[in-house]
Every structure is written in structure tokens, then in C-alpha cells.
$ cat upload_39.cif   # mmCIF, C-alpha atoms
data_data
#
loop_
_atom_site.label_atom_id
_atom_site.label_comp_id
_atom_site.auth_asym_id
_atom_site.auth_seq_id
_atom_site.Cartn_x
_atom_site.Cartn_y
_atom_site.Cartn_z
CA MET A 1 108.81 92.84 46.97
CA HIS A 2 108.34 90.80 50.10
CA SER A 3 108.67 92.75 53.33
CA GLU A 4 108.44 91.49 56.88
CA HIS A 5 107.02 93.53 59.72
CA HIS A 6 108.16 92.78 63.24
CA VAL A 7 107.47 94.51 66.52
CA GLU A 8 110.48 96.66 67.41
CA SER A 9 111.68 97.61 70.87
CA SER A 10 109.90 94.60 72.39
CA GLU A 11 111.61 95.15 75.75
CA THR A 12 110.30 98.73 75.96
CA ILE A 13 106.81 97.59 74.99
CA ARG A 14 106.97 94.89 77.65
CA ASP A 15 107.94 97.46 80.27
CA ILE A 16 105.11 99.77 79.22
CA VAL A 17 102.66 96.89 79.45
CA ILE A 18 103.91 95.96 82.94
CA GLY A 19 103.69 99.52 84.21
CA MET A 20 100.38 100.43 82.58
CA SER A 21 98.56 97.23 83.52
CA ASP A 22 99.37 97.61 87.22
CA GLY A 23 99.00 101.40 87.08
CA LEU A 24 95.48 101.16 85.72
CA THR A 25 94.37 98.28 87.95
CA VAL A 26 95.84 98.87 91.43
CA PRO A 27 94.95 102.57 91.93
CA PHE A 28 91.54 101.85 90.36
CA ALA A 29 90.87 99.12 92.92
CA LEU A 30 92.19 101.33 95.73
CA ALA A 31 89.99 104.26 94.71
CA ALA A 32 86.96 101.96 94.43
CA GLY A 33 87.61 100.49 97.86
CA LEU A 34 88.04 103.89 99.49
CA SER A 35 84.89 105.16 97.75
CA GLY A 36 83.00 102.42 99.53
CA ALA A 37 84.36 103.56 102.89
CA VAL A 38 84.57 107.37 102.76
CA SER A 39 82.52 110.07 101.08
CA SER A 40 85.30 112.61 100.59
CA SER A 41 87.13 112.56 97.27
CA THR A 42 90.00 114.41 98.92
CA LEU A 43 90.87 111.35 100.99
CA VAL A 44 90.68 109.14 97.90
CA VAL A 45 92.97 111.49 95.96
CA THR A 46 95.47 111.71 98.84
CA ALA A 47 95.65 107.95 99.30
CA GLY A 48 95.66 107.39 95.55
CA ILE A 49 98.57 109.74 94.93
CA ALA A 50 100.52 108.18 97.79
CA GLU A 51 99.90 104.74 96.29
CA ILE A 52 100.94 105.87 92.80
CA VAL A 53 104.19 107.34 94.12
CA ALA A 54 105.00 104.24 96.16
CA GLY A 55 103.84 101.87 93.42
CA SER A 56 105.83 103.57 90.66
CA ILE A 57 109.00 103.50 92.79
CA ALA A 58 108.49 99.85 93.72
CA MET A 59 107.70 98.81 90.15
CA GLY A 60 110.59 100.84 88.75
CA LEU A 61 112.99 99.37 91.29
CA GLY A 62 111.77 95.90 90.38
CA GLY A 63 112.48 96.62 86.72
CA PHE A 64 115.93 97.98 87.57
CA LEU A 65 116.85 94.93 89.66
CA ALA A 66 115.59 92.59 86.94
CA GLY A 67 117.74 94.38 84.38
CA ARG A 68 120.80 94.27 86.62
CA THR A 69 120.25 90.57 87.32
CA GLU A 70 120.07 89.88 83.59
CA GLN A 71 123.33 91.79 83.02
CA ASP A 72 125.11 90.05 85.92
CA HIS A 73 123.93 86.62 84.74
CA TYR A 74 125.18 87.29 81.20
CA ASN A 75 128.59 88.50 82.45
CA SER A 76 128.94 85.45 84.69
CA GLU A 77 128.16 83.03 81.84
CA LEU A 78 130.44 84.98 79.47
CA LYS A 79 133.36 84.65 81.87
CA ARG A 80 132.69 80.91 82.24
CA GLU A 81 132.59 80.38 78.47
CA TYR A 82 135.94 82.14 77.99
CA GLU A 83 137.44 79.91 80.66
CA GLU A 84 136.02 76.76 79.04
CA VAL A 85 137.27 77.48 75.50
CA LYS A 86 140.75 77.86 77.01
CA ARG A 87 140.55 74.89 79.38
CA VAL A 88 138.55 72.32 77.38
CA PRO A 89 138.56 73.51 73.73
CA GLU A 90 137.79 70.06 72.29
CA GLN A 91 134.71 69.75 74.48
CA GLU A 92 133.56 73.18 73.34
CA LYS A 93 134.10 72.16 69.72
CA MET A 94 131.90 69.13 70.34
CA GLU A 95 129.18 71.46 71.60
CA VAL A 96 129.48 73.56 68.43
CA LYS A 97 129.12 70.41 66.35
CA GLU A 98 126.04 69.40 68.34
CA VAL A 99 124.40 72.71 67.48
CA PHE A 100 124.98 72.23 63.75
CA ALA A 101 124.04 68.57 63.95
CA GLY A 102 120.62 69.81 64.98
CA PHE A 103 120.44 71.65 61.66
CA GLY A 104 121.16 68.44 59.78
CA LEU A 105 124.71 69.27 58.64
CA SER A 106 127.10 66.44 57.85
CA GLU A 107 129.81 65.32 60.29
CA THR A 108 132.53 66.65 57.97
CA LEU A 109 130.93 70.06 57.67
CA GLN A 110 130.33 70.20 61.42
CA GLN A 111 134.03 69.59 62.05
CA GLN A 112 135.08 72.20 59.48
CA ILE A 113 132.84 74.83 61.04
CA ALA A 114 134.01 74.01 64.57
CA ASP A 115 137.69 74.21 63.55
CA GLU A 116 137.15 77.49 61.69
CA MET A 117 135.20 79.02 64.56
CA ALA A 118 137.92 78.07 67.07
CA LYS A 119 140.34 80.39 65.26
CA ASP A 120 138.55 83.45 66.68
CA GLU A 121 138.01 83.14 70.43
CA HIS A 122 135.61 86.08 70.70
CA LYS A 123 133.32 84.93 67.89
CA TRP A 124 133.49 81.39 69.25
CA VAL A 125 132.38 82.49 72.70
CA ASP A 126 129.69 84.74 71.20
CA PHE A 127 128.35 81.75 69.24
CA MET A 128 128.25 79.59 72.38
CA MET A 129 126.46 82.30 74.33
CA ARG A 130 123.80 82.64 71.66
CA TYR A 131 123.23 79.07 70.52
CA GLU A 132 124.28 76.91 73.46
CA LEU A 133 122.96 79.08 76.28
CA GLY A 134 120.39 81.15 74.35
CA LEU A 135 121.70 84.42 75.81
CA GLU A 136 121.85 87.72 73.96
CA LYS A 137 124.12 90.48 75.22
CA PRO A 138 121.88 92.85 77.21
CA ASN A 139 121.94 96.59 76.65
CA PRO A 140 124.11 98.13 79.41
CA ASN A 141 121.49 100.86 79.87
CA ARG A 142 118.67 98.32 80.02
CA ALA A 143 118.20 98.39 83.82
CA THR A 144 117.90 102.18 84.09
CA ARG A 145 115.72 102.46 81.00
CA SER A 146 113.44 99.69 82.25
CA ALA A 147 113.06 101.35 85.66
CA ILE A 148 112.12 104.69 84.12
CA THR A 149 109.73 103.19 81.56
CA ILE A 150 107.89 101.04 84.09
CA GLY A 151 107.72 103.82 86.68
CA VAL A 152 106.42 106.46 84.25
CA SER A 153 103.92 104.01 82.73
CA TYR A 154 102.63 103.19 86.20
CA ILE A 155 102.12 106.89 86.97
CA VAL A 156 100.32 107.51 83.66
CA GLY A 157 98.08 104.51 84.23
CA GLY A 158 97.43 105.40 87.86
CA VAL A 159 96.36 108.99 87.19
CA ILE A 160 93.53 107.85 84.90
CA PRO A 161 91.24 106.23 87.53
CA LEU A 162 91.97 109.06 89.98
CA SER A 163 91.22 111.91 87.57
CA PRO A 164 87.44 112.18 88.27
CA TYR A 165 88.13 112.56 91.99
CA PHE A 166 89.99 115.80 91.32
CA PHE A 167 86.79 117.43 90.04
CA ILE A 168 83.96 115.70 91.96
CA ASN A 169 83.75 116.05 95.74
CA ASN A 170 81.53 113.04 96.44
CA SER A 171 83.62 109.90 96.17
CA GLU A 172 80.82 107.51 95.14
CA GLN A 173 79.70 109.84 92.40
CA ALA A 174 83.30 110.22 91.25
CA LEU A 175 83.59 106.42 91.25
CA TYR A 176 80.96 106.14 88.49
CA TYR A 177 83.02 108.37 86.22
CA SER A 178 86.21 106.64 87.27
CA CYS A 179 84.72 103.28 86.30
CA ALA A 180 83.62 104.57 82.90
CA VAL A 181 86.96 106.22 82.09
CA THR A 182 89.12 103.42 83.46
CA LEU A 183 87.22 100.56 81.85
CA VAL A 184 87.40 102.29 78.47
CA CYS A 185 91.14 102.80 78.95
CA LEU A 186 91.57 99.19 80.05
CA PHE A 187 89.77 98.04 76.92
CA VAL A 188 91.95 100.21 74.65
CA PHE A 189 95.09 99.16 76.52
CA GLY A 190 94.13 95.48 76.36
CA TYR A 191 93.29 95.78 72.66
CA PHE A 192 96.65 97.22 71.66
CA LYS A 193 98.56 94.94 74.02
CA SER A 194 96.94 91.93 72.39
CA LYS A 195 97.65 93.31 68.90
CA PHE A 196 101.34 93.75 69.75
CA THR A 197 101.62 90.24 71.20
CA GLY A 198 99.74 88.60 68.35
CA GLN A 199 96.72 87.57 70.44
CA PRO A 200 93.04 88.00 69.50
CA ALA A 201 92.63 91.73 70.11
CA PHE A 202 88.98 91.87 71.18
CA THR A 203 89.23 88.83 73.47
CA GLY A 204 92.42 90.16 75.05
CA ALA A 205 90.81 93.55 75.63
CA LEU A 206 87.80 91.96 77.34
CA LYS A 207 90.06 89.92 79.63
CA VAL A 208 91.87 93.05 80.78
CA VAL A 209 88.57 94.85 81.40
CA VAL A 210 87.15 91.93 83.38
CA ILE A 211 90.25 91.68 85.58
CA GLY A 212 90.22 95.41 86.33
CA ALA A 213 86.47 95.43 87.00
CA LEU A 214 86.66 92.42 89.33
CA ALA A 215 89.53 93.95 91.31
CA ALA A 216 87.67 97.24 91.76
CA ALA A 217 84.37 95.52 92.61
CA ALA A 218 86.03 93.27 95.18
CA ALA A 219 87.71 96.26 96.86
CA PHE A 220 84.47 98.28 96.90
CA VAL A 221 82.37 95.42 98.33
CA MET A 222 84.99 94.60 100.96
CA ALA A 223 85.15 98.23 102.09
CA LYS A 224 81.36 98.38 102.30
CA LEU A 225 81.21 95.21 104.37
CA ILE A 226 83.85 96.45 106.78
CA THR A 227 82.31 99.92 107.27
CA SER A 228 78.80 98.49 107.68
CA HIS A 229 79.78 96.69 110.90
#
$ encode --input "upload_39.cif" --output "C-alpha cells"
Amino acid sequence: MHSEHHVESSETIRDIVIGMSDGLTVPFALAAGLSGAVSSSTLVVTAGIAEIVAGSIAMGLGGFLAGRTEQDHYNSELKREYEEVKRVPEQEKMEVKEVFAGFGLSETLQQQIADEMAKDEHKWVDFMMRYELGLEKPNPNRATRSAITIGVSYIVGGVIPLSPYFFINNSEQALYYSCAVTLVCLFVFGYFKSKFTGQPAFTGALKVVVIGALAAAAAFVMAKLITSH
């Protein structure tokens, strides 16, 4: 038997990707930059934890606001569609016919479908929302769930580059281990992210590694240049 496999919970996966990608990259670059300026791992850990807390809250809030905006936009368009099917039903029927005309249906069949659909206002509006506006009804818990997922993912990602600094007192020495651990994690993260999104896995993983490495290197070099003067 034929079976199709599709990625489920795409919104959750997207939120994890958003949180993890920034969580791995930003604290990594911060730790690298501080390692170029100070020798104490304690300072790196303190600043890193502060950044992770602030970053996770900011990222989570951004996810929450995005979810709320999506919900508010859908509700606004839903209200407008209900008003239009009451005020200009014939115009709305024409729009239904235009949708099915795009599928190659005959004029007669288009009219029959439009007339039949107009008998149920709720299904009519739902059809217009989906096929005229391309809007799916968002999950009412989407904003809160997105905020939590992004925030937690950011924290998980951010702890990884900081972890060597908890055990090694010299910041530059800890940076070597941080680079090794973080770049491996970036590669694994990039690999699975690319697999989920249908992109070439190895190439996608390398891109993520290069971006993270460049960010950390730029921060380290900049800190060295500033402290050398």
C-alpha cells in the first residue's frame, strides 16, 4: 500500500529551529568575544547566563507577539468575510466561482457549487478564508506555546557553548572546548534542520557551522583588537 510521510507539528519544529539557532550562535559569539578580552571564565559564565536569560525572554516574547498577531489578523479577516457574505453575496459567489474556474471546472458546475455553498454561511466563510485569503484558523494556544518553545530552545542552545566555562577557569582554554562542542552541535542541528525542511542535509549543516564559526571568530577578533589598544 502507498503511504505518505509528512513532517508533523511544523509550527513547533519551526519554533525549535528559531530558538536553537539563535541560542547556539549568540551566546557562542558572546563567550568567544569575552574570552578574547578577559581571562576569567567566571565573568564569561556570568555574562553568558545573563544573555541567555534576556535572550530567551526576548525571543519568547517575539514568538508570543507573532502568534497573537496571527490570531488577531485571522479574526479581523473572518469578521470581514461574514460581513461581505451578508452585504454582497453575489460578489462573494463570483469569488467562489473564480476559485473553481482555476481548477478548470465548467461554468455550470461553478454556479452549482457556489449556490450550494451559499446555503451554509459558516462553511461558505470558511471556504473563502482558506481558498481566497489562504488563511487557516490558528490554534488559540499557539502564541503561548510558541513563546515557551522558542524560549526553552534558546536556553538549551545557549547552555551548550557556555558549558566548558563551568569547569575550566581560563577562558581562552575553555573557548577551545566550547568551539569543539558548539561546532559539533551546530553541525548536528543544521543536519536535522535541513532534513526536516527537505534541503541537502550535509550542505545545510555546513552552512550553519560556517555562520556560527564566523560570528564567534568576529567577536573574538574584535575583542582582541579593542583590548590591545
$ closest_residue --input "upload_39.cif" --among "A:Ala29, A:Ala174, A:Ile150, A:Leu109" --to "Arg14 in chain A" --atoms "all atoms listed in the file"
A:Ile150
$ axis_aligned_box --input "upload_39.cif" --around "range 76-94 of chain A" --padding-each-side "5 Å" --output "lines of an AutoDock Vina configuration file"
center_x = 134.5
center_y = 77.3
center_z = 77.2
size_x = 22.6
size_y = 26.3
size_z = 25.0
$ resolve_selection --input "upload_39.cif" --expression "the PyMOL selection byres ((chain A and resi 76-93) around 9)" --output "PDB file with C-alpha atoms, in the frame of the given file"
ATOM      1  CA  GLN A  71     123.330  91.790  83.020  1.00  0.00           C
ATOM      2  CA  ASP A  72     125.110  90.050  85.920  1.00  0.00           C
ATOM      3  CA  HIS A  73     123.930  86.620  84.740  1.00  0.00           C
ATOM      4  CA  TYR A  74     125.180  87.290  81.200  1.00  0.00           C
ATOM      5  CA  ASN A  75     128.590  88.500  82.450  1.00  0.00           C
ATOM      6  CA  MET A  94     131.900  69.130  70.340  1.00  0.00           C
ATOM      7  CA  GLU A  95     129.180  71.460  71.600  1.00  0.00           C
ATOM      8  CA  VAL A  96     129.480  73.560  68.430  1.00  0.00           C
ATOM      9  CA  LYS A  97     129.120  70.410  66.350  1.00  0.00           C
ATOM     10  CA  GLU A  98     126.040  69.400  68.340  1.00  0.00           C
ATOM     11  CA  GLN A 111     134.030  69.590  62.050  1.00  0.00           C
ATOM     12  CA  ALA A 114     134.010  74.010  64.570  1.00  0.00           C
ATOM     13  CA  ASP A 115     137.690  74.210  63.550  1.00  0.00           C
ATOM     14  CA  MET A 117     135.200  79.020  64.560  1.00  0.00           C
ATOM     15  CA  ALA A 118     137.920  78.070  67.070  1.00  0.00           C
ATOM     16  CA  GLU A 121     138.010  83.140  70.430  1.00  0.00           C
ATOM     17  CA  HIS A 122     135.610  86.080  70.700  1.00  0.00           C
ATOM     18  CA  TRP A 124     133.490  81.390  69.250  1.00  0.00           C
ATOM     19  CA  VAL A 125     132.380  82.490  72.700  1.00  0.00           C
ATOM     20  CA  ASP A 126     129.690  84.740  71.200  1.00  0.00           C
ATOM     21  CA  MET A 128     128.250  79.590  72.380  1.00  0.00           C
ATOM     22  CA  MET A 129     126.460  82.300  74.330  1.00  0.00           C
ATOM     23  CA  LEU A 133     122.960  79.080  76.280  1.00  0.00           C
ATOM     24  CA  LEU A 135     121.700  84.420  75.810  1.00  0.00           C
TER      25      LEU A 135
END
$ residues_near_point --input "upload_39.cif" --point "(91.3, 101.2, 80.3)" --cutoff "12 Å" --atoms "only C-alpha atoms" --output "count of residues only"
38
$ atom_distance --input "upload_39.cif" --atom1 "CA of Glu51 in chain A" --atom2 "CA of Thr69 in chain A"
26.4 Å
$ closest_residue --input "upload_39.cif" --among "A:Val45, A:Val17, A:Arg68, A:Leu162" --to "Arg142 in chain A" --atoms "all atoms listed in the file"
A:Arg68
$ closest_residue --input "upload_39.cif" --among "A:Gln112, A:Ala223, A:Lys195, A:Ser56" --to "Ile18 in chain A" --atoms "only C-alpha atoms"
A:Ser56
$ atom_distance --input "upload_39.cif" --atom1 "CA of Leu225 in chain A" --atom2 "CA of Gly48 in chain A"
20.9 Å
$ resolve_selection --input "upload_39.cif" --expression "the PyMOL selection byres ((chain A and resi 226) around 12)" --output "list in words"
Gly33, Leu34, Gly36, Ala37, Val38, Ala219, Phe220, Val221, Met222, Ala223, Lys224, Leu225, Thr227, Ser228 and His229 of chain A
$ atom_distance --input "upload_39.cif" --atom1 "CA of Gly62 in chain A" --atom2 "CA of Ser153 in chain A"
13.6 Å
$ closest_residue --input "upload_39.cif" --among "A:Phe202, A:Phe100, A:Tyr154, A:Phe166" --to "Ile113 in chain A" --atoms "only C-alpha atoms"
A:Phe100
$ closest_residue --input "upload_39.cif" --among "A:Ser35, A:Thr12, A:Ser194, A:Asn170" --to "Thr144 in chain A" --atoms "all atoms listed in the file"
A:Thr12
$ resolve_selection --input "upload_39.cif" --expression "the PyMOL selection byres ((chain A and resi 148) around 12)" --output "ChimeraX atom specification"
/A:12,15-16,19,56-64,67,141-147,149-155
$ closest_residue --input "upload_39.cif" --among "A:Val26, A:Asn139, A:Gly55, A:Gln173" --to "Leu214 in chain A" --atoms "only C-alpha atoms"
A:Val26
